[in-house]
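Colleague: Contents are compact mmCIF, C-alpha atoms; file name entry05.txt:
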```txt
# COMPACT_ATOMS: atom_id res chain seq x y z
CA MET A 1 -13.48 162.19 -60.29
CA SER A 2 -10.29 163.25 -58.66
CA PRO A 3 -7.77 160.62 -57.61
CA LEU A 4 -8.03 159.41 -54.07
CA LYS A 5 -5.56 161.06 -51.76
CA THR A 6 -4.36 159.33 -48.62
CA ILE A 7 -2.91 161.06 -45.58
CA ASP A 8 -1.34 158.89 -42.84
CA SER A 9 -2.58 155.76 -44.61
CA LYS A 10 -6.17 156.81 -43.84
CA ILE A 11 -8.70 157.20 -46.65
CA VAL A 12 -9.95 160.78 -46.86
CA HIS A 13 -12.60 162.53 -48.92
CA PRO A 14 -11.32 163.52 -52.40
CA MET A 15 -12.15 167.18 -51.74
CA ASP A 16 -10.24 167.36 -48.46
CA ASN A 17 -7.33 169.11 -50.15
CA LEU A 18 -9.58 171.98 -51.29
CA LEU A 19 -11.67 172.48 -48.16
CA ARG A 20 -10.76 173.45 -44.62
CA MET A 21 -11.91 170.17 -43.12
CA GLU A 22 -11.16 171.26 -39.56
CA ARG A 23 -14.20 173.58 -39.94
CA ILE A 24 -16.48 170.85 -41.32
CA PRO A 25 -19.30 170.03 -40.39
CA HIS A 26 -20.41 173.38 -41.71
CA ILE A 27 -23.19 175.57 -40.28
CA TRP A 28 -25.66 175.00 -43.12
CA CYS A 29 -28.94 173.31 -42.24
CA PRO A 30 -29.78 169.73 -43.22
CA SER A 31 -30.87 169.53 -46.89
CA CYS A 32 -29.49 173.00 -47.72
CA GLY A 33 -28.19 173.34 -51.28
CA ILE A 34 -25.19 175.58 -50.64
CA GLY A 35 -23.01 172.55 -49.92
CA LEU A 36 -23.85 171.29 -53.42
CA ALA A 37 -22.78 174.61 -54.93
CA VAL A 38 -19.48 174.31 -53.04
CA THR A 39 -19.07 170.71 -54.28
CA ALA A 40 -19.66 171.85 -57.87
CA PHE A 41 -17.22 174.73 -57.42
CA THR A 42 -14.44 172.56 -55.97
CA ALA A 43 -14.97 169.94 -58.69
CA ALA A 44 -14.83 172.73 -61.29
CA LEU A 45 -11.57 174.06 -59.80
CA GLU A 46 -9.99 170.63 -60.27
CA LYS A 47 -11.46 170.31 -63.75
CA ALA A 48 -10.42 173.77 -64.95
CA LYS A 49 -6.76 172.99 -64.07
CA ILE A 50 -6.00 176.53 -62.96
CA ASP A 51 -3.23 177.42 -60.51
CA LEU A 52 -4.86 177.38 -57.08
CA ASN A 53 -2.34 179.89 -55.75
CA LYS A 54 -3.81 182.41 -58.15
CA VAL A 55 -7.46 182.03 -57.16
CA ALA A 56 -9.04 184.30 -54.57
CA ILE A 57 -12.54 183.65 -53.29
CA VAL A 58 -14.52 186.55 -51.89
CA SER A 59 -17.79 186.28 -49.96
CA GLY A 60 -20.12 188.70 -48.32
CA ILE A 61 -22.55 188.13 -45.48
CA GLY A 62 -25.26 185.50 -45.34
CA CYS A 63 -25.52 181.75 -45.47
CA THR A 64 -23.55 181.61 -48.71
CA GLY A 65 -21.13 184.18 -47.33
CA ARG A 66 -19.68 181.38 -45.22
CA VAL A 67 -18.23 179.66 -48.30
CA ALA A 68 -15.01 181.70 -48.19
CA GLY A 69 -14.30 180.29 -44.74
CA TYR A 70 -14.62 176.68 -45.88
CA THR A 71 -12.48 176.70 -49.04
CA LYS A 72 -8.73 176.23 -48.73
CA LEU A 73 -7.86 179.09 -51.08
CA ASP A 74 -6.98 182.74 -50.56
CA SER A 75 -10.32 183.74 -49.11
CA PHE A 76 -11.86 186.99 -48.04
CA HIS A 77 -15.00 187.37 -45.92
CA THR A 78 -16.09 190.94 -46.50
CA THR A 79 -18.76 193.36 -45.34
CA HIS A 80 -22.41 192.95 -46.32
CA GLY A 81 -23.04 193.44 -50.02
CA ARG A 82 -19.48 194.42 -50.89
CA PRO A 83 -17.76 191.24 -52.16
CA ILE A 84 -17.76 192.56 -55.73
CA ALA A 85 -16.23 195.87 -54.61
CA PHE A 86 -13.49 194.03 -52.66
CA GLY A 87 -13.01 191.63 -55.59
CA THR A 88 -12.59 194.56 -57.97
CA GLY A 89 -9.86 195.86 -55.69
CA ILE A 90 -8.08 192.49 -55.71
CA LYS A 91 -8.32 192.29 -59.50
CA ILE A 92 -6.97 195.80 -60.07
CA GLY A 93 -4.24 195.37 -57.43
CA ASN A 94 -3.01 192.09 -58.91
CA PRO A 95 -4.51 191.34 -62.36
CA GLU A 96 -2.98 187.84 -62.38
CA ILE A 97 -5.40 186.64 -59.71
CA LYS A 98 -8.64 184.96 -60.76
CA VAL A 99 -11.30 186.44 -58.51
CA VAL A 100 -14.34 184.34 -57.62
CA VAL A 101 -17.20 186.05 -55.80
CA PHE A 102 -19.32 183.42 -54.06
CA SER A 103 -22.33 184.90 -52.34
CA GLY A 104 -26.06 184.79 -52.00
CA ASP A 105 -28.92 186.64 -53.66
CA GLY A 106 -29.55 188.96 -50.72
CA ASP A 107 -25.91 189.95 -50.54
CA LEU A 108 -25.26 190.40 -54.27
CA ILE A 109 -28.59 191.60 -55.62
CA ALA A 110 -30.15 193.48 -52.68
CA ILE A 111 -27.59 195.44 -50.69
CA GLY A 112 -24.84 194.83 -53.24
CA GLY A 113 -27.02 195.40 -56.30
CA ASN A 114 -25.25 198.61 -57.23
CA HIS A 115 -21.83 196.96 -57.16
CA PHE A 116 -23.22 194.08 -59.22
CA ILE A 117 -24.54 196.24 -62.09
CA HIS A 118 -21.48 198.48 -62.17
CA ALA A 119 -19.00 195.60 -62.15
CA ALA A 120 -20.99 194.11 -65.05
CA ARG A 121 -20.98 197.47 -66.84
CA ARG A 122 -17.20 197.83 -66.45
CA ASN A 123 -16.73 194.15 -67.29
CA ILE A 124 -14.34 193.40 -64.43
CA ASP A 125 -12.72 190.01 -65.02
CA MET A 126 -14.34 187.92 -62.26
CA LEU A 127 -16.67 184.99 -61.77
CA VAL A 128 -19.78 185.58 -59.68
CA VAL A 129 -21.50 182.49 -58.30
CA CYS A 130 -24.84 183.70 -56.95
CA VAL A 131 -26.65 181.12 -54.84
CA ASN A 132 -30.34 182.01 -55.00
CA ASN A 133 -32.52 180.50 -52.27
CA PHE A 134 -35.31 183.12 -52.62
CA ILE A 135 -35.07 184.38 -49.04
CA TYR A 136 -32.81 185.94 -46.41
CA ALA A 137 -32.17 182.66 -44.67
CA MET A 138 -29.52 183.51 -42.09
CA THR A 139 -31.53 186.27 -40.41
CA GLY A 140 -34.75 184.25 -40.19
CA GLY A 141 -36.53 184.22 -43.53
CA GLN A 142 -37.30 187.82 -44.49
CA VAL A 143 -38.41 188.92 -47.98
CA ALA A 144 -35.48 189.13 -50.39
CA PRO A 145 -35.49 190.89 -53.79
CA THR A 146 -35.69 187.43 -55.37
CA THR A 147 -38.69 186.18 -53.34
CA PRO A 148 -41.34 185.22 -55.91
CA LEU A 149 -44.63 187.09 -56.01
CA ALA A 150 -47.18 185.71 -53.51
CA ALA A 151 -44.62 183.58 -51.66
CA TYR A 152 -44.75 183.73 -47.88
CA ALA A 153 -41.88 184.91 -45.72
CA THR A 154 -41.64 186.01 -42.10
CA THR A 155 -42.03 189.65 -43.19
CA SER A 156 -44.77 188.90 -45.74
CA PRO A 157 -47.36 186.88 -43.79
CA TYR A 158 -49.99 187.52 -46.49
CA GLY A 159 -47.70 186.82 -49.43
CA CYS A 160 -44.97 188.87 -51.06
CA VAL A 161 -46.33 191.82 -53.07
CA GLU A 162 -43.06 192.88 -54.72
CA PRO A 163 -42.11 191.53 -58.14
CA PRO A 164 -38.76 189.71 -57.90
CA PHE A 165 -35.51 190.35 -59.73
CA ASN A 166 -34.65 188.25 -62.76
CA ILE A 167 -30.92 187.82 -62.11
CA PRO A 168 -29.84 186.60 -65.60
CA TYR A 169 -31.75 189.50 -67.22
CA LEU A 170 -30.16 192.00 -64.82
CA ALA A 171 -26.68 190.62 -65.54
CA ASP A 172 -27.25 190.43 -69.31
CA SER A 173 -28.61 193.95 -69.63
CA SER A 174 -25.83 195.35 -67.43
CA GLY A 175 -23.21 193.83 -69.74
CA ALA A 176 -22.07 190.47 -68.30
CA VAL A 177 -20.25 188.29 -70.85
CA TYR A 178 -21.30 184.89 -69.47
CA VAL A 179 -24.66 184.20 -67.87
CA ALA A 180 -25.92 180.77 -66.86
CA ARG A 181 -28.47 179.43 -64.43
CA TRP A 182 -28.68 175.92 -62.98
CA THR A 183 -30.42 174.33 -60.04
CA THR A 184 -28.48 172.32 -57.47
CA LEU A 185 -29.94 169.16 -58.99
CA HIS A 186 -28.14 169.81 -62.33
CA ILE A 187 -24.89 169.23 -60.49
CA ARG A 188 -22.76 168.00 -63.41
CA ARG A 189 -24.01 170.70 -65.78
CA LEU A 190 -23.39 173.26 -63.03
CA THR A 191 -19.82 171.96 -62.64
CA ASN A 192 -19.25 172.23 -66.39
CA SER A 193 -20.71 175.73 -66.42
CA ILE A 194 -18.47 176.93 -63.58
CA THR A 195 -15.45 175.33 -65.31
CA GLU A 196 -16.32 177.20 -68.50
CA ALA A 197 -16.85 180.46 -66.61
CA LEU A 198 -13.54 180.09 -64.73
CA ASN A 199 -11.73 180.08 -68.06
CA LYS A 200 -13.77 182.98 -69.43
CA ARG A 201 -12.36 186.50 -69.44
CA GLY A 202 -14.84 189.08 -68.21
CA PHE A 203 -17.76 189.37 -65.83
CA SER A 204 -19.34 185.90 -65.65
CA VAL A 205 -22.45 185.16 -63.63
CA VAL A 206 -23.62 181.67 -62.68
CA GLU A 207 -26.90 181.63 -60.77
CA VAL A 208 -27.50 178.53 -58.66
CA ILE A 209 -31.10 177.90 -57.60
CA SER A 210 -30.79 176.25 -54.21
CA PRO A 211 -33.32 174.68 -51.83
CA CYS A 212 -33.73 176.30 -48.42
CA GLY A 213 -35.30 173.55 -46.36
CA MET A 214 -35.53 175.44 -43.08
CA TYR A 215 -37.01 178.79 -44.12
CA TYR A 216 -38.33 179.15 -47.68
CA SER A 217 -39.84 175.66 -47.98
CA ARG A 218 -40.99 175.47 -44.37
CA ILE A 219 -42.81 178.83 -44.41
CA ASN A 220 -44.37 178.05 -47.80
CA LYS A 221 -45.19 174.45 -46.81
CA LEU A 222 -43.15 172.94 -49.65
CA GLY A 223 -41.58 170.11 -47.65
CA ASP A 224 -37.86 169.82 -47.07
CA GLY A 225 -34.83 170.12 -49.34
CA LEU A 226 -35.45 166.74 -50.92
CA ASP A 227 -38.97 167.78 -51.96
CA MET A 228 -37.51 170.95 -53.51
CA MET A 229 -34.99 168.81 -55.43
CA LYS A 230 -37.88 166.67 -56.70
CA PHE A 231 -39.68 169.87 -57.71
CA TYR A 232 -36.60 170.97 -59.69
CA HIS A 233 -36.48 167.56 -61.33
CA ASP A 234 -40.09 167.91 -62.54
CA ASN A 235 -40.17 171.64 -63.31
CA ALA A 236 -36.73 172.68 -64.53
CA GLU A 237 -36.43 173.01 -68.28
CA ILE A 238 -33.10 173.34 -70.09
CA ARG A 239 -33.20 176.00 -72.81
CA HIS A 240 -29.76 177.15 -73.90
CA GLY A 241 -29.59 180.59 -75.47
CA GLU A 242 -33.05 181.59 -74.26
CA ASP A 243 -33.79 185.32 -74.24
CA THR A 244 -33.06 186.43 -70.67
CA LYS A 245 -36.31 188.45 -70.62
CA ASN A 246 -38.26 185.20 -70.30
CA LEU A 247 -36.39 183.90 -67.27
CA GLY A 248 -38.47 185.32 -64.43
CA ILE A 249 -39.34 182.85 -61.68
CA GLY A 250 -42.81 182.85 -60.16
CA PHE A 251 -43.98 180.99 -57.11
CA GLN A 252 -43.67 177.25 -57.88
CA THR A 253 -43.60 177.85 -61.64
CA LYS A 254 -41.34 176.37 -64.28
CA ILE A 255 -37.64 177.21 -63.85
CA ILE A 256 -35.78 177.73 -67.12
CA VAL A 257 -32.12 176.76 -66.79
CA GLY A 258 -29.20 176.74 -69.19
CA LYS A 259 -26.45 178.92 -70.59
CA PHE A 260 -27.98 182.12 -71.90
CA VAL A 261 -25.19 184.55 -72.75
CA ASP A 262 -21.65 183.85 -73.96
CA ARG A 263 -20.04 186.81 -75.72
CA GLU A 264 -16.79 188.75 -75.86
CA ARG A 265 -16.25 192.32 -74.63
CA PRO A 266 -13.02 194.12 -73.66
CA THR A 267 -12.53 193.85 -69.90
CA TYR A 268 -11.90 196.81 -67.61
CA MET A 269 -8.14 196.11 -67.41
CA ASP A 270 -7.93 195.78 -71.23
CA SER A 271 -9.60 199.16 -71.77
CA TYR A 272 -7.56 200.77 -69.00
CA ASN A 273 -4.21 199.51 -70.30
CA LYS A 274 -5.11 200.53 -73.86
CA TRP A 275 -6.09 204.00 -72.70
CA LEU A 276 -2.91 204.29 -70.61
CA SER A 277 -0.64 203.33 -73.50
CA GLU A 278 -2.42 205.83 -75.76
CA ILE A 279 -1.88 208.63 -73.23
CA LYS A 280 1.80 207.69 -72.89
CA THR A 281 2.42 207.74 -76.65
CA GLU A 282 0.64 211.10 -76.92
CA GLU A 283 2.83 212.52 -74.16
CA LYS A 284 5.97 211.21 -75.88
CA LEU A 285 4.90 212.85 -79.17
CA ARG A 286 4.28 216.14 -77.36
CA LYS A 287 7.85 216.10 -75.99
CA MET B 1 -29.82 144.25 -65.92
CA LYS B 2 -32.32 143.84 -68.75
CA TYR B 3 -31.29 144.95 -72.23
CA TRP B 4 -33.67 146.11 -74.94
CA ARG B 5 -31.20 144.55 -77.35
CA THR B 6 -27.90 142.92 -76.48
CA PRO B 7 -25.04 145.39 -77.04
CA TYR B 8 -22.64 144.16 -79.74
CA ASN B 9 -19.60 144.64 -77.49
CA ILE B 10 -21.09 143.12 -74.33
CA ASP B 11 -18.12 140.76 -73.97
CA GLU B 12 -15.57 143.58 -74.05
CA VAL B 13 -17.25 146.11 -71.75
CA LYS B 14 -16.54 145.68 -68.08
CA ILE B 15 -18.91 147.34 -65.65
CA PRO B 16 -16.80 149.10 -63.05
CA GLN B 17 -17.25 148.07 -59.46
CA GLY B 18 -17.26 150.86 -56.92
CA GLU B 19 -16.72 150.93 -53.22
CA ILE B 20 -18.61 153.47 -51.11
CA HIS B 21 -17.07 155.29 -48.16
CA ILE B 22 -19.27 157.12 -45.68
CA ILE B 23 -18.15 159.40 -42.85
CA LYS B 24 -21.24 158.85 -40.73
CA ASP B 25 -20.66 161.66 -38.24
CA ARG B 26 -20.68 164.31 -40.99
CA CYS B 27 -24.09 163.25 -42.33
CA LYS B 28 -27.15 165.40 -41.63
CA GLY B 29 -29.64 162.96 -43.12
CA CYS B 30 -30.82 164.95 -46.16
CA LYS B 31 -31.41 161.70 -48.17
CA PHE B 32 -30.13 163.20 -51.48
CA CYS B 33 -27.73 160.28 -52.03
CA VAL B 34 -30.40 157.67 -51.24
CA GLU B 35 -32.97 159.30 -53.54
CA TYR B 36 -30.72 159.93 -56.53
CA CYS B 37 -28.44 156.84 -56.55
CA PRO B 38 -29.15 155.42 -60.02
CA LYS B 39 -28.52 151.84 -58.86
CA ASP B 40 -30.38 152.03 -55.52
CA VAL B 41 -27.29 151.06 -53.58
CA LEU B 42 -27.98 153.14 -50.47
CA GLU B 43 -30.66 153.18 -47.83
CA MET B 44 -31.24 155.20 -44.66
CA SER B 45 -30.21 153.27 -41.56
CA GLU B 46 -32.00 153.09 -38.22
CA GLU B 47 -28.91 153.94 -36.21
CA PHE B 48 -28.04 157.45 -35.04
CA ASN B 49 -24.77 159.28 -35.56
CA ALA B 50 -23.10 161.60 -33.05
CA LYS B 51 -25.36 164.52 -34.05
CA GLY B 52 -28.56 162.47 -33.86
CA TYR B 53 -29.22 162.08 -37.59
CA HIS B 54 -29.79 158.83 -39.48
CA PRO B 55 -26.86 158.29 -41.87
CA PRO B 56 -27.25 156.09 -44.98
CA TYR B 57 -25.77 152.62 -45.19
CA VAL B 58 -24.72 150.53 -48.19
CA LYS B 59 -27.56 148.12 -48.92
CA ASN B 60 -26.30 146.50 -52.14
CA PRO B 61 -22.51 146.99 -52.22
CA GLU B 62 -22.06 144.86 -55.34
CA ASP B 63 -24.41 147.10 -57.40
CA CYS B 64 -22.27 150.26 -57.15
CA VAL B 65 -20.79 151.24 -60.54
CA ASN B 66 -18.63 154.11 -59.21
CA CYS B 67 -20.62 156.81 -61.05
CA GLY B 68 -19.76 159.35 -58.34
CA LEU B 69 -23.21 160.94 -58.17
CA CYS B 70 -23.47 160.42 -54.39
CA GLU B 71 -20.24 162.35 -53.95
CA MET B 72 -21.47 165.19 -56.15
CA LEU B 73 -24.89 165.35 -54.47
CA CYS B 74 -23.69 165.28 -50.86
CA PRO B 75 -23.88 168.76 -49.31
CA GLU B 76 -21.89 167.59 -46.28
CA PHE B 77 -18.82 166.06 -48.03
CA ALA B 78 -19.59 162.82 -46.19
CA ILE B 79 -19.86 160.16 -48.93
CA TRP B 80 -17.76 159.17 -51.92
CA SER B 81 -16.96 156.14 -54.00
CA THR B 82 -13.71 154.68 -55.28
CA LEU B 83 -12.99 152.15 -57.98
CA LYS B 84 -12.45 148.65 -56.61
CA GLU B 85 -9.26 146.94 -57.68
CA GLU B 86 -10.94 143.66 -58.61
CA THR B 87 -12.60 143.68 -62.02
CA GLY B 88 -16.36 143.56 -62.01
CA SER B 89 -18.59 141.06 -63.75
CA THR B 90 -19.03 141.43 -67.48
CA SER B 91 -22.71 140.72 -67.84
CA GLY B 92 -24.50 143.39 -65.93
CA GLY B 93 -24.53 144.37 -62.29
```
Could you render the structure as structure tokens?

Modeller:
Amino acid sequence: MSPLKTIDSKIVHPMDNLLRMERIPHIWCPSCGIGLAVTAFTAALEKAKIDLNKVAIVSGIGCTGRVAGYTKLDSFHTTHGRPIAFGTGIKIGNPEIKVVVFSGDGDLIAIGGNHFIHAARRNIDMLVVCVNNFIYAMTGGQVAPTTPLAAYATTSPYGCVEPPFNIPYLADSSGAVYVARWTTLHIRRLTNSITEALNKRGFSVVEVISPCGMYYSRINKLGDGLDMMKFYHDNAEIRHGEDTKNLGIGFQTKIIVGKFVDRERPTYMDSYNKWLSEIKTEEKLRK
Amino acid sequence: MKYWRTPYNIDEVKIPQGEIHIIKDRCKGCKFCVEYCPKDVLEMSEEFNAKGYHPPYVKNPEDCVNCGLCEMLCPEFAIWSTLKEETGSTSGG
């Protein structure tokens, strides 16, 4: 744990120096899991010992899109689905900056799905924390591309008929170098995973399965956030290095968590700089 | 605490004693800290905070071992524990 910091001889929360406390209490519902993902992220920032002036956090639209407004870092609240595109711009404009994209499943995988696969293909050096709550929560509980088959949502009153995305498989097959999935209950393992991914070069994806107590669990009659946490406790299984093909999530089925992919590939900036230096030497030889 | 067998270094190990701080007005009553405290230190109180939720209160303050799980599992940044200056008891909490 971080050392206790005191301001004006008053005891304050140890994460007060990393969060914009004037904006807390945040807008997230009671028993929502996004606050836990933020806690894990801030703890990982302290653990990774990276220069906080060189971290930029980018969010899109949605419940999780609010994270950029609550962290006391260089933060960027962008248009719907485009945090990875904006993050790519930051990374190419100033390669020294560590870009963290913190957004939800609807933002990153639905409307921003194209940016997601192409950033993974190019291997842009950034960390993507994708908070997956299986639904579009901010707009009232519509079907998301991660809603499990047969789960109810406000736009699927007879059960969802679309097969959901398997985010680790999508990231792995598109070329991500680090893929992990944890639930919000595995808070220490999630912190360690984000710490590891912060120090990793290349496109890293950490999926966080999060309870949505107000929409997903209420519409599906699964209780509140605490009941979802108990469900994760009973049904999450840690399998490191599991083939990402087997990681699909059905409605109330077993959730396989762990670190699945950890490999090395040249990043976009590496390939670009190598190509540029080759062109320059060729031009010099021609002269 | 009951031991299956007495640890060989039971005289040397000191169980840390933690002190819990709660900002009651930030709490939204999700009960994560109460449910997952490994030493059952916390319990939901009957009182209301400014927003109308029931915040937790410290039921057994001497049982806290400063593991920090309540801080990690609080989505509202409302609870945390610090190490107490006085040394804890040596034979179980």

Colleague: Neighbouring residues of segment 11-23 of chain B were defined as those with any atom within 6 Å, considering only C-alpha atoms; residues of the same chain fewer than 4 positions away were excluded. Please report them as a ChimeraX atom specification.

Modeller: /B:64-66,78-84,88,90

Colleague: Return the single residue from A:Leu45, A:Met269, A:Leu285, A:Ile167 that is closest to Gly202 of chain A, with distances computed using all atoms listed in the file.

Modeller: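 Distance minimum relative to Gly202 of chain A lands on A:Met269.
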
Colleague: Could you name the residues that touch Tyr158 of chain A at 12 Å or less, counting only C-alpha atoms, but leaving out those on the same chain fewer than 6 positions away, as a list in words?

Modeller: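 Here the answer would be Val143, Leu149, Ala150, Ala151, Tyr152, Ile219 and Asn220 of chain A.
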
Colleague: Could you list, as a PyMOL selection string, every residue within 10 Å of Asn60 of chain B, counting all atoms listed in the file and ignoring same-chain residues fewer than 4 positions away?

Modeller: chain B and resi 39-43+64

Colleague: Dump as a list of chain:residue names the residues of chain A that approach chain B to within 6 Å, counting all atoms listed in the file.

Modeller: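 Interface list for chain A against chain B: A:Pro25, A:Pro30, A:Ser31, A:Gly35, A:Leu36.
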
Colleague: Please determine, counting only C-alpha atoms, which residue among A:Ala120, A:Leu226, A:Met21, A:Val131 has the shortest atom-to-atom distance to Ala40 of chain A.

Modeller: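 Using only C-alpha atoms, the shortest distance to Ala40 of chain A belongs to A:Val131.
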
Colleague: Of the candidates A:Thr184, A:Thr191, A:Ser277, A:Asn123, which shows the shortest atom-to-atom distance to Glu46 of chain A, using all atoms listed in the file?

Modeller: A:Thr191

Colleague: How many Å lie between atom CA of Leu185 of chain A and atom CA of Glu46 of chain B, rounded to one decimal?

Modeller: 26.3 Å

Colleague: What separation in Å, quoted to one decimal, exists between atom CA of Cys32 of chain A and atom CA of Gly87 of chain A?

Modeller: 26.1 Å

Colleague: Quick one, how far is atom CA of Asn17 of chain A from atom CA of Val100 of chain A?

Modeller: 18.4 Å

Colleague: Give me the residues near Lys259 of chain A as number ranges by chain, where near means some atom within 7 Å (using all atoms listed in the file) and where sequence neighbours in that chain fewer than 4 positions away do not count.

Modeller: A: 179-181, 240-241

Colleague: Taking (-15.4, 195.5, -66.5) in the file's coordinates as the center, which residues reach within 10 Å of it, counting only C-alpha atoms, put as a tab-separated table (two decimals) with C-alpha atoms, keeping the file's coordinate frame?

Modeller:
```tsv
chain	number	residue	atom	x	y	z
A	88	THR	CA	-12.59	194.56	-57.97
A	118	HIS	CA	-21.48	198.48	-62.17
A	119	ALA	CA	-19.00	195.60	-62.15
A	120	ALA	CA	-20.99	194.11	-65.05
A	121	ARG	CA	-20.98	197.47	-66.84
A	122	ARG	CA	-17.20	197.83	-66.45
A	123	ASN	CA	-16.73	194.15	-67.29
A	124	ILE	CA	-14.34	193.40	-64.43
A	125	ASP	CA	-12.72	190.01	-65.02
A	126	MET	CA	-14.34	187.92	-62.26
A	175	GLY	CA	-23.21	193.83	-69.74
A	176	ALA	CA	-22.07	190.47	-68.30
A	177	VAL	CA	-20.25	188.29	-70.85
A	201	ARG	CA	-12.36	186.50	-69.44
A	202	GLY	CA	-14.84	189.08	-68.21
A	203	PHE	CA	-17.76	189.37	-65.83
A	265	ARG	CA	-16.25	192.32	-74.63
A	266	PRO	CA	-13.02	194.12	-73.66
A	267	THR	CA	-12.53	193.85	-69.90
A	268	TYR	CA	-11.90	196.81	-67.61
A	269	MET	CA	-8.14	196.11	-67.41
A	270	ASP	CA	-7.93	195.78	-71.23
A	271	SER	CA	-9.60	199.16	-71.77
A	272	TYR	CA	-7.56	200.77	-69.00
```

Colleague: Which polymer residues have any atom within 7 Å of an atom of Val58 of chain A, counting only C-alpha atoms, with same-chain residues fewer than 5 positions away left out, as a list in words?

Modeller: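 Near Val58 of chain A, the qualifying residues are Ala68, Ser75, Phe76, His77, Pro83, Gly87, Val100, Val101 and Phe102 of chain A.
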
Colleague: Could you add N, CA and C atoms to segment 34-47 of chain B and give me the result as a short mmCIF file (atom, residue, chain, number, x, y, z; two decimals), in the frame of the given file?

Modeller:
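What landed in part.cif:
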```cif
data_model
loop_
_atom_site.label_atom_id
_atom_site.label_comp_id
_atom_site.auth_asym_id
_atom_site.auth_seq_id
_atom_site.Cartn_x
_atom_site.Cartn_y
_atom_site.Cartn_z
N VAL B 34 -29.51 158.83 -51.19
CA VAL B 34 -30.40 157.67 -51.24
C VAL B 34 -31.40 157.83 -52.39
N GLU B 35 -31.94 159.05 -52.53
CA GLU B 35 -32.97 159.30 -53.54
C GLU B 35 -32.39 159.21 -54.95
N TYR B 36 -31.21 159.78 -55.17
CA TYR B 36 -30.72 159.93 -56.53
C TYR B 36 -29.67 158.90 -56.94
N CYS B 37 -29.36 157.90 -56.11
CA CYS B 37 -28.44 156.84 -56.55
C CYS B 37 -29.10 156.08 -57.69
N PRO B 38 -28.49 156.06 -58.88
CA PRO B 38 -29.15 155.42 -60.02
C PRO B 38 -29.26 153.91 -59.90
N LYS B 39 -28.48 153.30 -59.00
CA LYS B 39 -28.52 151.84 -58.86
C LYS B 39 -29.15 151.40 -57.54
N ASP B 40 -29.73 152.34 -56.80
CA ASP B 40 -30.38 152.03 -55.52
C ASP B 40 -29.47 151.25 -54.57
N VAL B 41 -28.26 151.76 -54.42
CA VAL B 41 -27.29 151.06 -53.58
C VAL B 41 -27.48 151.41 -52.11
N LEU B 42 -27.97 152.64 -51.85
CA LEU B 42 -27.98 153.14 -50.47
C LEU B 42 -29.37 153.10 -49.87
N GLU B 43 -29.40 153.10 -48.56
CA GLU B 43 -30.66 153.18 -47.83
C GLU B 43 -30.40 153.85 -46.48
N MET B 44 -31.42 154.55 -45.96
CA MET B 44 -31.24 155.20 -44.66
C MET B 44 -31.21 154.12 -43.57
N SER B 45 -30.31 154.27 -42.62
CA SER B 45 -30.21 153.27 -41.56
C SER B 45 -31.04 153.71 -40.36
N GLU B 46 -31.23 152.81 -39.43
CA GLU B 46 -32.00 153.09 -38.22
C GLU B 46 -31.12 153.67 -37.12
N GLU B 47 -29.81 153.49 -37.27
CA GLU B 47 -28.91 153.94 -36.21
C GLU B 47 -28.75 155.46 -36.24
#
```
